[in-house]
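Visitor: Just so it is clear, I am handing over protein30.txt, which has compact mmCIF, C-alpha atoms.
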# COMPACT_ATOMS: atom_id res chain seq x y z
CA MET A 1 31.00 -92.38 -120.48
CA LYS A 2 33.55 -89.82 -119.44
CA LYS A 3 31.16 -88.34 -116.84
CA CYS A 4 30.36 -91.85 -115.60
CA LEU A 5 34.03 -92.60 -114.98
CA VAL A 6 34.61 -89.33 -113.15
CA CYS A 7 31.55 -89.87 -110.91
CA CYS A 8 32.65 -93.40 -110.11
CA GLY A 9 36.11 -92.13 -109.20
CA LEU A 10 34.72 -89.44 -106.91
CA ALA A 11 32.34 -91.88 -105.25
CA ALA A 12 35.26 -94.03 -104.12
CA ALA A 13 37.51 -91.13 -103.17
CA LEU A 14 37.79 -91.94 -99.45
CA ILE A 15 39.08 -95.16 -97.93
CA THR A 16 37.77 -95.58 -94.41
CA LEU A 17 38.48 -97.74 -91.42
CA PRO A 18 35.74 -100.07 -90.14
CA ALA A 19 32.54 -98.37 -88.98
CA SER A 20 33.41 -99.01 -85.31
CA ALA A 21 36.53 -96.87 -85.71
CA GLN A 22 34.50 -93.84 -86.79
CA SER A 23 32.98 -93.09 -83.40
CA LYS A 24 35.62 -90.43 -82.75
CA GLN A 25 37.98 -88.53 -85.01
CA TRP A 26 41.19 -87.30 -83.39
CA SER A 27 42.92 -84.13 -84.48
CA LEU A 28 46.68 -83.83 -84.30
CA ARG A 29 46.42 -81.57 -81.25
CA GLU A 30 44.18 -84.07 -79.45
CA CYS A 31 46.60 -86.88 -80.24
CA CYS A 32 49.55 -84.88 -78.93
CA ASP A 33 47.75 -83.86 -75.74
CA TYR A 34 46.58 -87.40 -75.05
CA ALA A 35 50.02 -88.87 -75.67
CA VAL A 36 51.64 -86.35 -73.33
CA ALA A 37 49.11 -87.16 -70.61
CA HIS A 38 49.43 -90.96 -70.87
CA ASN A 39 52.95 -91.73 -72.12
CA VAL A 40 54.91 -93.93 -69.71
CA GLY A 41 58.23 -92.26 -70.47
CA ILE A 42 56.81 -88.85 -69.63
CA LYS A 43 55.41 -90.18 -66.36
CA GLN A 44 58.87 -91.50 -65.50
CA GLN A 45 60.33 -88.07 -66.22
CA GLU A 46 57.69 -86.53 -63.96
CA ASN A 47 58.89 -88.83 -61.19
CA GLN A 48 62.40 -87.51 -61.77
CA CYS A 49 61.10 -84.00 -61.16
CA ARG A 50 59.43 -85.13 -57.96
CA GLN A 51 62.70 -86.64 -56.76
CA ARG A 52 64.50 -83.37 -57.47
CA GLU A 53 61.86 -81.52 -55.44
CA ILE A 54 62.51 -83.82 -52.50
CA GLU A 55 66.27 -83.28 -52.79
CA LEU A 56 65.75 -79.52 -52.79
CA SER A 57 63.55 -79.79 -49.70
CA THR A 58 66.22 -81.87 -47.96
CA SER A 59 68.98 -79.35 -48.67
CA ARG A 60 66.83 -76.43 -47.48
CA ASN A 61 65.99 -78.25 -44.24
CA SER A 62 69.69 -78.91 -43.56
CA ARG A 63 69.83 -75.42 -41.99
CA LEU A 64 67.47 -76.48 -39.24
CA PRO A 65 68.69 -77.91 -35.93
CA ASP A 66 68.47 -81.63 -35.40
CA LEU A 67 67.09 -83.20 -32.24
CA SER A 68 67.70 -86.70 -30.91
CA ALA A 69 66.97 -88.63 -27.75
CA SER A 70 68.82 -91.63 -26.30
CA VAL A 71 68.31 -94.09 -23.47
CA GLY A 72 71.11 -96.27 -22.10
CA GLN A 73 71.17 -99.12 -19.61
CA ASN A 74 74.47 -100.49 -18.23
CA PHE A 75 75.25 -103.34 -15.85
CA SER A 76 78.61 -103.82 -14.06
CA PHE A 77 79.81 -106.99 -12.25
CA GLY A 78 82.90 -107.77 -10.09
CA ARG A 79 85.26 -105.56 -8.18
CA GLY A 80 84.69 -101.89 -8.38
CA LEU A 81 85.46 -98.63 -6.62
CA THR A 82 82.93 -97.63 -3.97
CA SER A 83 82.02 -94.23 -2.58
CA ALA A 84 84.39 -94.97 0.35
CA ASN A 85 87.30 -95.17 -2.07
CA THR A 86 87.72 -98.88 -1.53
CA TYR A 87 87.34 -101.82 -3.86
CA THR A 88 84.80 -104.51 -3.27
CA ASN A 89 82.80 -107.04 -5.18
CA THR A 90 79.57 -105.32 -6.17
CA ASN A 91 76.97 -105.33 -8.89
CA THR A 92 75.89 -101.95 -10.22
CA SER A 93 73.45 -100.74 -12.82
CA SER A 94 72.87 -97.33 -14.35
CA THR A 95 70.20 -95.83 -16.55
CA SER A 96 70.93 -92.71 -18.59
CA LEU A 97 68.49 -90.42 -20.41
CA GLN A 98 69.81 -87.89 -22.92
CA LEU A 99 68.23 -85.28 -25.21
CA GLY A 100 70.59 -83.46 -27.58
CA ALA A 101 70.39 -80.93 -30.41
CA SER A 102 72.85 -79.34 -32.83
CA MET A 103 72.57 -76.68 -35.50
CA PRO A 104 75.14 -75.74 -38.17
CA LEU A 105 76.21 -72.10 -38.00
CA PHE A 106 78.84 -72.05 -40.73
CA THR A 107 79.73 -74.81 -43.18
CA GLY A 108 82.00 -73.02 -45.61
CA PHE A 109 78.95 -71.90 -47.65
CA GLN A 110 78.24 -75.54 -48.48
CA ILE A 111 74.55 -75.42 -47.51
CA PRO A 112 73.53 -72.36 -49.61
CA ASN A 113 75.48 -73.68 -52.59
CA GLN A 114 73.88 -77.11 -52.22
CA ILE A 115 70.45 -75.49 -52.11
CA LYS A 116 71.18 -73.55 -55.28
CA LEU A 117 72.55 -76.68 -56.98
CA ASP A 118 69.45 -78.69 -56.12
CA GLN A 119 67.26 -75.85 -57.35
CA LEU A 120 69.13 -75.81 -60.68
CA ASN A 121 68.79 -79.59 -60.89
CA LEU A 122 65.05 -79.28 -60.40
CA GLU A 123 64.78 -76.66 -63.14
CA ALA A 124 66.89 -78.83 -65.44
CA ALA A 125 64.67 -81.85 -64.73
CA THR A 126 61.62 -79.73 -65.53
CA ALA A 127 63.21 -78.73 -68.83
CA ASP A 128 63.97 -82.40 -69.52
CA LEU A 129 60.30 -83.14 -68.92
CA GLU A 130 59.29 -80.54 -71.48
CA LYS A 131 61.86 -81.98 -73.91
CA ALA A 132 60.30 -85.43 -73.45
CA LYS A 133 56.89 -83.95 -74.18
CA ASN A 134 58.20 -82.29 -77.35
CA ASP A 135 59.76 -85.57 -78.47
CA ILE A 136 56.50 -87.47 -78.08
CA ARG A 137 54.64 -84.68 -79.89
CA MET A 138 57.00 -84.99 -82.85
CA GLN A 139 56.65 -88.79 -82.88
CA VAL A 140 52.88 -88.46 -82.83
CA ALA A 141 52.94 -85.90 -85.65
CA GLN A 142 55.15 -88.15 -87.76
CA ALA A 143 52.85 -91.13 -87.20
CA TYR A 144 49.82 -88.92 -87.92
CA VAL A 145 51.25 -87.80 -91.26
CA GLN A 146 52.15 -91.39 -92.13
CA ILE A 147 48.47 -92.33 -91.72
CA LEU A 148 47.52 -89.48 -94.05
CA TYR A 149 50.03 -90.71 -96.63
CA ASN A 150 48.72 -94.27 -96.46
CA MET A 151 45.11 -93.13 -96.60
CA GLU A 152 45.86 -91.14 -99.74
CA ILE A 153 47.46 -94.17 -101.38
CA ALA A 154 44.39 -96.18 -100.44
CA ASP A 155 42.18 -93.47 -101.95
CA VAL A 156 44.03 -93.78 -105.25
CA ALA A 157 43.58 -97.54 -105.18
CA GLN A 158 39.84 -97.16 -104.66
CA ARG A 159 39.58 -94.68 -107.51
CA GLN A 160 41.43 -97.09 -109.74
CA ILE A 161 38.99 -99.86 -108.77
CA ALA A 162 36.06 -97.60 -109.63
CA ILE A 163 37.47 -96.75 -113.06
CA ASP A 164 38.54 -100.33 -113.81
CA SER A 165 35.14 -101.67 -112.73
CA ALA A 166 33.43 -99.22 -115.08
CA GLN A 167 35.69 -100.34 -117.90
CA VAL A 168 34.96 -104.02 -117.22
CA ALA A 169 31.22 -103.32 -117.36
CA ARG A 170 31.69 -101.35 -120.58
CA LEU A 171 33.74 -104.10 -122.23
CA GLN A 172 31.23 -106.77 -121.15
CA ALA A 173 28.54 -104.83 -122.96
CA PHE A 174 30.78 -104.45 -126.01
CA VAL A 175 31.59 -108.18 -126.02
CA ALA A 176 27.88 -108.99 -125.92
CA ASN A 177 27.39 -106.72 -128.94
CA GLY A 178 30.45 -108.07 -130.72
CA LYS A 179 32.30 -104.74 -130.51
CA ALA A 180 35.14 -106.04 -128.27
CA SER A 181 37.04 -109.30 -127.93
CA GLU A 182 37.17 -111.64 -124.96
CA ALA A 183 40.92 -110.98 -124.77
CA GLU A 184 40.35 -107.29 -124.11
CA LEU A 185 37.79 -108.13 -121.44
CA SER A 186 40.14 -110.63 -119.76
CA GLN A 187 42.95 -108.08 -119.77
CA GLN A 188 40.74 -105.48 -118.11
CA LYS A 189 39.54 -107.99 -115.52
CA ALA A 190 43.18 -108.74 -114.70
CA THR A 191 43.81 -105.01 -114.31
CA LEU A 192 40.81 -104.78 -111.98
CA ALA A 193 42.11 -107.70 -109.91
CA ASN A 194 45.51 -106.01 -109.55
CA SER A 195 43.82 -102.78 -108.49
CA ARG A 196 41.89 -104.64 -105.79
CA LEU A 197 45.10 -106.27 -104.57
CA THR A 198 46.75 -102.86 -104.40
CA ALA A 199 43.78 -101.53 -102.44
CA THR A 200 44.00 -104.41 -99.97
CA GLN A 201 47.69 -103.75 -99.39
CA ALA A 202 46.99 -100.04 -98.98
CA GLU A 203 44.27 -100.75 -96.42
CA ASN A 204 46.64 -103.00 -94.48
CA ASN A 205 49.32 -100.31 -94.48
CA THR A 206 46.76 -97.80 -93.23
CA ARG A 207 45.73 -100.10 -90.38
CA LEU A 208 49.38 -100.66 -89.42
CA SER A 209 50.07 -96.92 -89.34
CA VAL A 210 46.94 -96.40 -87.22
CA LEU A 211 48.20 -99.09 -84.86
CA THR A 212 51.54 -97.28 -84.57
CA LEU A 213 49.80 -94.06 -83.58
CA THR A 214 47.46 -95.72 -81.07
CA GLN A 215 50.46 -97.39 -79.45
CA LEU A 216 52.10 -93.99 -79.05
CA LEU A 217 48.89 -92.83 -77.41
CA GLU A 218 48.94 -95.87 -75.08
CA LEU A 219 45.50 -96.92 -76.34
CA ALA A 220 44.47 -100.53 -75.80
CA SER A 221 43.31 -101.05 -79.40
CA THR A 222 42.45 -99.25 -82.62
CA ASP A 223 38.70 -99.77 -82.13
CA GLY A 224 36.84 -96.49 -82.28
CA PHE A 225 39.89 -94.60 -83.51
CA ALA A 226 40.12 -92.40 -86.59
CA ILE A 227 41.97 -89.20 -87.42
CA VAL A 228 40.85 -85.90 -88.88
CA ARG A 229 42.12 -85.28 -92.39
CA PRO A 230 43.20 -81.64 -92.76
CA ALA A 231 41.39 -79.53 -95.34
CA LEU A 232 44.09 -79.08 -97.94
CA SER A 233 42.19 -76.24 -99.57
CA ASP A 234 43.00 -74.26 -96.43
CA GLY A 235 46.54 -75.48 -96.33
CA LEU A 236 49.83 -73.65 -96.62
CA PRO A 237 50.35 -71.74 -99.87
CA VAL A 238 53.26 -73.15 -101.84
CA ALA A 239 54.79 -69.69 -102.14
CA THR A 240 54.98 -69.06 -98.40
CA ALA A 241 58.33 -67.47 -97.51
CA LEU A 242 60.33 -69.53 -95.02
CA PRO A 243 62.52 -67.91 -92.35
CA ALA A 244 66.22 -68.62 -92.69
CA PRO A 245 67.73 -71.41 -90.53
CA ASP A 246 69.88 -68.89 -88.63
CA VAL A 247 66.76 -66.90 -87.70
CA ILE A 248 64.96 -70.00 -86.47
CA TYR A 249 68.06 -71.15 -84.59
CA ALA A 250 68.42 -67.81 -82.81
CA GLU A 251 64.81 -68.05 -81.64
CA ALA A 252 65.15 -71.73 -80.67
CA LEU A 253 68.19 -71.10 -78.46
CA GLY A 254 66.07 -69.10 -76.06
CA ILE A 255 63.07 -71.42 -75.86
CA LYS A 256 64.04 -75.02 -76.57
CA PRO A 257 64.05 -77.04 -73.32
CA GLU A 258 67.06 -79.18 -74.29
CA ILE A 259 69.21 -76.03 -74.46
CA LEU A 260 67.79 -74.68 -71.21
CA SER A 261 68.44 -77.93 -69.33
CA GLN A 262 72.08 -78.04 -70.44
CA GLN A 263 72.59 -74.38 -69.52
CA LEU A 264 71.13 -75.00 -66.06
CA ARG A 265 73.40 -78.00 -65.55
CA LEU A 266 76.37 -75.88 -66.59
CA GLN A 267 75.42 -73.35 -63.91
CA GLY A 268 75.14 -76.25 -61.48
CA THR A 269 78.74 -77.28 -62.10
CA GLU A 270 79.87 -73.88 -60.79
CA ARG A 271 77.96 -74.59 -57.58
CA SER A 272 79.54 -78.03 -57.39
CA ILE A 273 83.00 -76.41 -57.48
CA LYS A 274 82.02 -74.09 -54.62
CA ILE A 275 80.68 -77.04 -52.64
CA ALA A 276 83.98 -78.85 -53.10
CA ARG A 277 85.91 -75.74 -51.98
CA ALA A 278 83.91 -75.73 -48.75
CA GLY A 279 86.28 -78.46 -47.58
CA TYR A 280 88.97 -75.81 -47.08
CA TYR A 281 86.81 -73.80 -44.65
CA PRO A 282 86.31 -74.45 -40.94
CA THR A 283 82.86 -75.45 -39.76
CA LEU A 284 81.06 -74.09 -36.71
CA SER A 285 78.05 -75.65 -35.03
CA LEU A 286 75.93 -74.96 -31.95
CA ASN A 287 75.26 -77.87 -29.58
CA GLY A 288 73.04 -78.27 -26.56
CA GLY A 289 71.33 -80.96 -24.56
CA LEU A 290 69.72 -82.31 -21.41
CA GLY A 291 70.56 -85.45 -19.42
CA THR A 292 70.01 -87.38 -16.22
CA ASN A 293 70.97 -90.74 -14.71
CA TYR A 294 69.74 -93.37 -12.27
CA TYR A 295 72.21 -95.64 -10.38
CA THR A 296 71.83 -98.74 -8.22
CA THR A 297 74.52 -100.71 -6.33
CA SER A 298 73.94 -104.15 -4.81
CA GLY A 299 74.13 -104.17 -1.02
CA MET A 300 73.75 -100.41 -0.75
CA LYS A 301 70.76 -98.21 -0.21
CA THR A 302 69.88 -96.06 -3.26
CA ASP A 303 67.66 -93.02 -3.63
CA SER A 304 64.35 -93.40 -5.40
CA TRP A 305 64.00 -93.20 -9.18
CA SER A 306 62.40 -89.77 -9.15
CA SER A 307 64.90 -88.37 -6.68
CA GLN A 308 67.91 -89.50 -8.69
CA LEU A 309 66.46 -88.25 -11.97
CA LYS A 310 65.91 -84.86 -10.35
CA ASN A 311 69.26 -84.69 -8.54
CA ASN A 312 71.28 -85.94 -11.52
CA PHE A 313 69.62 -83.66 -14.07
CA SER A 314 72.14 -81.64 -16.14
CA GLN A 315 72.15 -79.26 -19.10
CA TYR A 316 74.83 -78.18 -21.51
CA ILE A 317 75.32 -75.78 -24.43
CA GLY A 318 78.41 -75.14 -26.48
CA LEU A 319 80.07 -74.33 -29.78
CA SER A 320 82.02 -76.78 -31.87
CA LEU A 321 84.67 -75.54 -34.31
CA ASN A 322 86.28 -77.94 -36.76
CA VAL A 323 89.33 -76.65 -38.68
CA PRO A 324 90.56 -78.80 -41.59
CA ILE A 325 94.34 -79.14 -41.73
CA PHE A 326 95.10 -82.13 -43.93
CA ASN A 327 92.62 -84.63 -45.42
CA ARG A 328 94.90 -86.53 -47.81
CA PHE A 329 94.25 -84.06 -50.69
CA GLN A 330 90.60 -85.10 -50.78
CA THR A 331 89.32 -81.51 -51.09
CA ARG A 332 91.85 -80.65 -53.78
CA ASN A 333 90.87 -83.67 -55.87
CA SER A 334 87.17 -82.97 -55.36
CA ILE A 335 87.70 -79.48 -56.80
CA ARG A 336 89.61 -80.91 -59.76
CA THR A 337 86.86 -83.43 -60.42
CA ALA A 338 84.21 -80.70 -60.26
CA LYS A 339 86.14 -78.58 -62.78
CA ILE A 340 86.44 -81.50 -65.18
CA SER A 341 82.67 -82.03 -64.87
CA GLN A 342 82.22 -78.35 -65.73
CA GLU A 343 84.31 -78.70 -68.88
CA THR A 344 82.38 -81.83 -69.85
CA GLN A 345 79.07 -80.06 -69.35
CA GLN A 346 80.23 -77.14 -71.49
CA LEU A 347 81.04 -79.60 -74.27
CA GLN A 348 77.62 -81.20 -73.83
CA LEU A 349 75.96 -77.80 -74.16
CA ASP A 350 77.94 -77.02 -77.31
CA ASN A 351 77.05 -80.41 -78.78
CA THR A 352 73.36 -79.91 -78.00
CA LYS A 353 73.44 -76.56 -79.78
CA LYS A 354 75.12 -78.10 -82.82
CA THR A 355 72.54 -80.90 -82.90
CA LEU A 356 69.71 -78.38 -82.71
CA TYR A 357 71.17 -76.35 -85.57
CA LYS A 358 71.56 -79.48 -87.71
CA GLU A 359 67.95 -80.45 -87.03
CA ILE A 360 66.74 -76.99 -88.03
CA GLN A 361 68.83 -77.05 -91.20
CA GLN A 362 67.38 -80.44 -92.14
CA VAL A 363 63.78 -79.39 -91.47
CA TYR A 364 64.33 -76.15 -93.42
CA LEU A 365 65.69 -78.07 -96.41
CA ASN A 366 62.80 -80.52 -96.20
CA ALA A 367 60.35 -77.61 -96.13
CA VAL A 368 61.94 -76.02 -99.19
CA ASN A 369 61.86 -79.33 -101.02
CA ALA A 370 58.23 -79.90 -99.98
CA GLN A 371 57.23 -76.53 -101.43
CA SER A 372 59.04 -77.30 -104.67
CA LYS A 373 57.53 -80.77 -104.82
CA GLU A 374 54.02 -79.41 -104.35
CA ARG A 375 54.46 -76.95 -107.18
CA SER A 376 55.82 -79.66 -109.47
CA SER A 377 53.09 -82.08 -108.44
CA ALA A 378 50.37 -79.52 -109.20
CA GLU A 379 51.80 -79.06 -112.69
CA ALA A 380 52.06 -82.83 -113.15
CA VAL A 381 48.42 -83.32 -112.15
CA GLN A 382 47.21 -80.85 -114.72
CA SER A 383 49.38 -82.42 -117.44
CA SER A 384 48.40 -85.99 -116.61
CA LYS A 385 44.73 -85.01 -116.36
CA ASP A 386 44.80 -83.49 -119.85
CA ALA A 387 46.60 -86.58 -121.15
CA PHE A 388 44.11 -88.92 -119.53
CA GLU A 389 41.08 -87.08 -120.89
CA LEU A 390 42.61 -87.14 -124.36
CA MET A 391 43.47 -90.84 -124.07
CA GLN A 392 39.98 -91.62 -122.75
CA ALA A 393 38.39 -89.96 -125.76
CA LYS A 394 40.69 -91.85 -128.14
CA TYR A 395 39.96 -95.15 -126.42
CA GLU A 396 36.21 -94.65 -126.51
CA ASN A 397 36.48 -93.90 -130.23
CA GLY A 398 38.56 -97.02 -130.80
CA LYS A 399 41.80 -95.17 -131.56
CA ALA A 400 43.74 -96.38 -128.46
CA THR A 401 44.24 -99.76 -126.82
CA ILE A 402 43.13 -100.76 -123.37
CA THR A 403 46.79 -100.91 -122.31
CA GLU A 404 47.35 -97.31 -123.33
CA PHE A 405 44.18 -96.28 -121.51
CA ASN A 406 45.21 -98.03 -118.28
CA GLU A 407 48.69 -96.56 -118.41
CA SER A 408 47.31 -93.04 -118.83
CA LYS A 409 44.78 -93.62 -116.05
CA ASN A 410 47.48 -94.89 -113.66
CA ASN A 411 49.67 -91.88 -114.40
CA TYR A 412 46.79 -89.55 -113.61
CA MET A 413 45.94 -91.35 -110.36
CA ARG A 414 49.57 -91.34 -109.30
CA ALA A 415 49.95 -87.65 -110.02
CA GLU A 416 46.90 -86.81 -107.91
CA SER A 417 48.24 -88.94 -105.06
CA ASP A 418 51.65 -87.31 -105.28
CA LEU A 419 50.06 -83.87 -105.11
CA VAL A 420 48.06 -84.62 -101.98
CA GLN A 421 51.04 -86.22 -100.28
CA ALA A 422 53.20 -83.23 -101.25
CA ARG A 423 50.64 -80.90 -99.67
CA TYR A 424 50.63 -82.95 -96.46
CA GLU A 425 54.43 -82.92 -96.45
CA ASN A 426 54.47 -79.18 -97.01
CA LEU A 427 52.07 -78.61 -94.11
CA TYR A 428 54.03 -80.97 -91.87
CA GLN A 429 57.48 -79.50 -92.55
CA HIS A 430 56.20 -75.95 -92.15
CA ALA A 431 54.57 -76.95 -88.85
CA LEU A 432 57.90 -78.39 -87.69
CA LEU A 433 59.68 -75.14 -88.49
CA GLU A 434 57.10 -73.22 -86.47
CA PHE A 435 57.47 -75.79 -83.68
CA TYR A 436 61.19 -75.01 -83.43
CA ARG A 437 60.19 -71.37 -83.06
CA GLY A 438 58.08 -72.19 -80.02
CA LYS A 439 54.64 -72.56 -81.57
CA GLU A 440 52.31 -75.48 -81.03
CA LEU A 441 52.71 -78.45 -83.36
CA ASN A 442 49.48 -78.45 -85.33
CA PHE A 443 48.09 -78.25 -88.84
Re-express the file's structure as structure tokens.
Guide:
Amino acid sequence: MKKCLVCCGLAAALITLPASAQSKQWSLRECCDYAVAHNVGIKQQENQCRQREIELSTSRNSRLPDLSASVGQNFSFGRGLTSANTYTNTNTSSTSLQLGASMPLFTGFQIPNQIKLDQLNLEAATADLEKAKNDIRMQVAQAYVQILYNMEIADVAQRQIAIDSAQVARLQAFVANGKASEAELSQQKATLANSRLTATQAENNTRLSVLTLTQLLELASTDGFAIVRPALSDGLPVATALPAPDVIYAEALGIKPEILSQQLRLQGTERSIKIARAGYYPTLSLNGGLGTNYYTTSGMKTDSWSSQLKNNFSQYIGLSLNVPIFNRFQTRNSIRTAKISQETQQLQLDNTKKTLYKEIQQVYLNAVNAQSKERSSAEAVQSSKDAFELMQAKYENGKATITEFNESKNNYMRAESDLVQARYENLYQHALLEFYRGKELNF
């Protein structure tokens, strides 16, 4: 009977999703890659990077000369001065054609500083994009582990059903032979019904956790979706030495994108101060252009269109120097504002570093606790297994009640579930620690 119960328990060891969901099994790495490629928030962040690229292109092109053309048409009525230096009532019209260009020669170093600022903004946006990708990877990993937890709980429920079903069949045979009472059989049937209810709830929780993950992946439904369950026999040894939080933090400072983006923005504030100071400098620009005109006066003979355009053609080139003297303290206040922004950004960088250190401390403590929990769970499994086998032998020999048997069985099933969950937690927390050190999130 003992072998029968064990075989029944092993036969029901795995709770599965519907058959249609088994067409593909997703690993954690596949889930993370797919989420990064299809997440809407990441796509929005990518658009931010594209906008920063356009801003950088605009600032670089500000060094180039501009070119513009204009056409004007004017009409004049009433008394006006003639070529004979007399006034008379005449109607005149004029057409002007102009082509002009200008190029900045010196802008108080505003253009090179603006280019550098936009370049830093682009690098910061790229770091923000990588931070968004890391965030979605961590969310996916958390949802992935939650599915594993729920699947393990469902496994325990199925094993309980297998054992309880075997006990019901055994008691039915005993009742038929007069070796057990109807009360014992009814009690075991009630236990079996509760186990089936627990299994139903566990299956529902598993489906909900799968739905959470598929929504993170932007999948339309859960059909055809299943995850790969890691081989715990190849998992992380419980005695693995963990690096100290300070060591992990020192490594994370140089690679985490949230730190890099804040450092780049802090460098950008220095450029913003220099851009504001450009208001104190004079500006020098080169100007040049071409122009011509066509005139007509009522009552007077005028040259042809082509003749006037040729005879009135003119060119010009020159330099324009603008020296600031007083602009209502606008430049001074712009510099003050830029310095305050620099101080604020420094505080933001410090706060981001503190947040990162707190996260690493928390993950480190969770990893230590997970290792300790796995060791304790392994010991508990062995103890509860020995107790269950002893109670099973006593029950089969009529020296223990069905209540005592079920209680011992439930303790054993719970201990096994706790051990598997502790192993998953240990793998997950260790993977997080390695993730903060710059390695890929995977287990």
Visitor: Looking at only C-alpha atoms, which of A:Thr344, A:Asn311, A:Gln119, A:Thr355 is the one that sits closest to A:Gly291?
Guide: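 Looking at the shortest contact to A:Gly291, the residue is A:Asn311.
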Visitor: Residues at most 10 Å from stretch 419-430 of chain A, counting all atoms listed in the file, excluding those fewer than 3 positions away in the same chain, as number ranges by chain?
Guide: A: 141-142, 144-146, 148-153, 229-233, 235-238, 240, 242, 362-381, 414-416, 433-435, 441-443
Visitor: Hey, what's within 10 Å of A:Asp128 if we count all atoms listed in the file and toss same-chain stuff fewer than 5 positions away? As a ChimeraX atom specification, please?
Guide: /A:42,45-46,48-49,122-123,133-134,257-262
Visitor: Pull the neighbourhood of (78.2, -77.0, -30.3) for me: all residues within 9 Å in file coordinates, counting only C-alpha atoms, as a PyMOL selection string.
Guide: chain A and resi 101-104+284-288+317-321
Visitor: Would you list the contacts of stretch 88-91 of chain A as a PyMOL selection string, taking every protein, DNA or RNA residue within 6 Å and counting all atoms listed in the file, but skipping same-chain residues closer than 4 positions in sequence?
Guide: chain A and resi 76-80+297-298
Visitor: With C-alpha atoms kept, could you save the residues just selected as a JSON list (two decimals), in the frame of the given file?
Guide:
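Written file, out-v9.json:
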[["chain", "number", "residue", "atom", "x", "y", "z"],
["A", 76, "SER", "CA", 78.61, -103.82, -14.06],
["A", 77, "PHE", "CA", 79.81, -106.99, -12.25],
["A", 78, "GLY", "CA", 82.90, -107.77, -10.09],
["A", 79, "ARG", "CA", 85.26, -105.56, -8.18],
["A", 80, "GLY", "CA", 84.69, -101.89, -8.38],
["A", 297, "THR", "CA", 74.52, -100.71, -6.33],
["A", 298, "SER", "CA", 73.94, -104.15, -4.81]]
Visitor: State, in Å with one decimal place, the distance from atom CA of A:Glu251 to atom CA of A:Tyr34.
Guide: 27.4 Å
Visitor: Would you pick out the contacts of A:Tyr281 at 9 Å or less, using only C-alpha atoms, so that residues sharing its chain but fewer than 4 positions from it are not included, and give the list as a list in words?
Guide: Thr107, Gly108, Phe109, Arg277, Asn322, Val323 and Pro324 of chain A
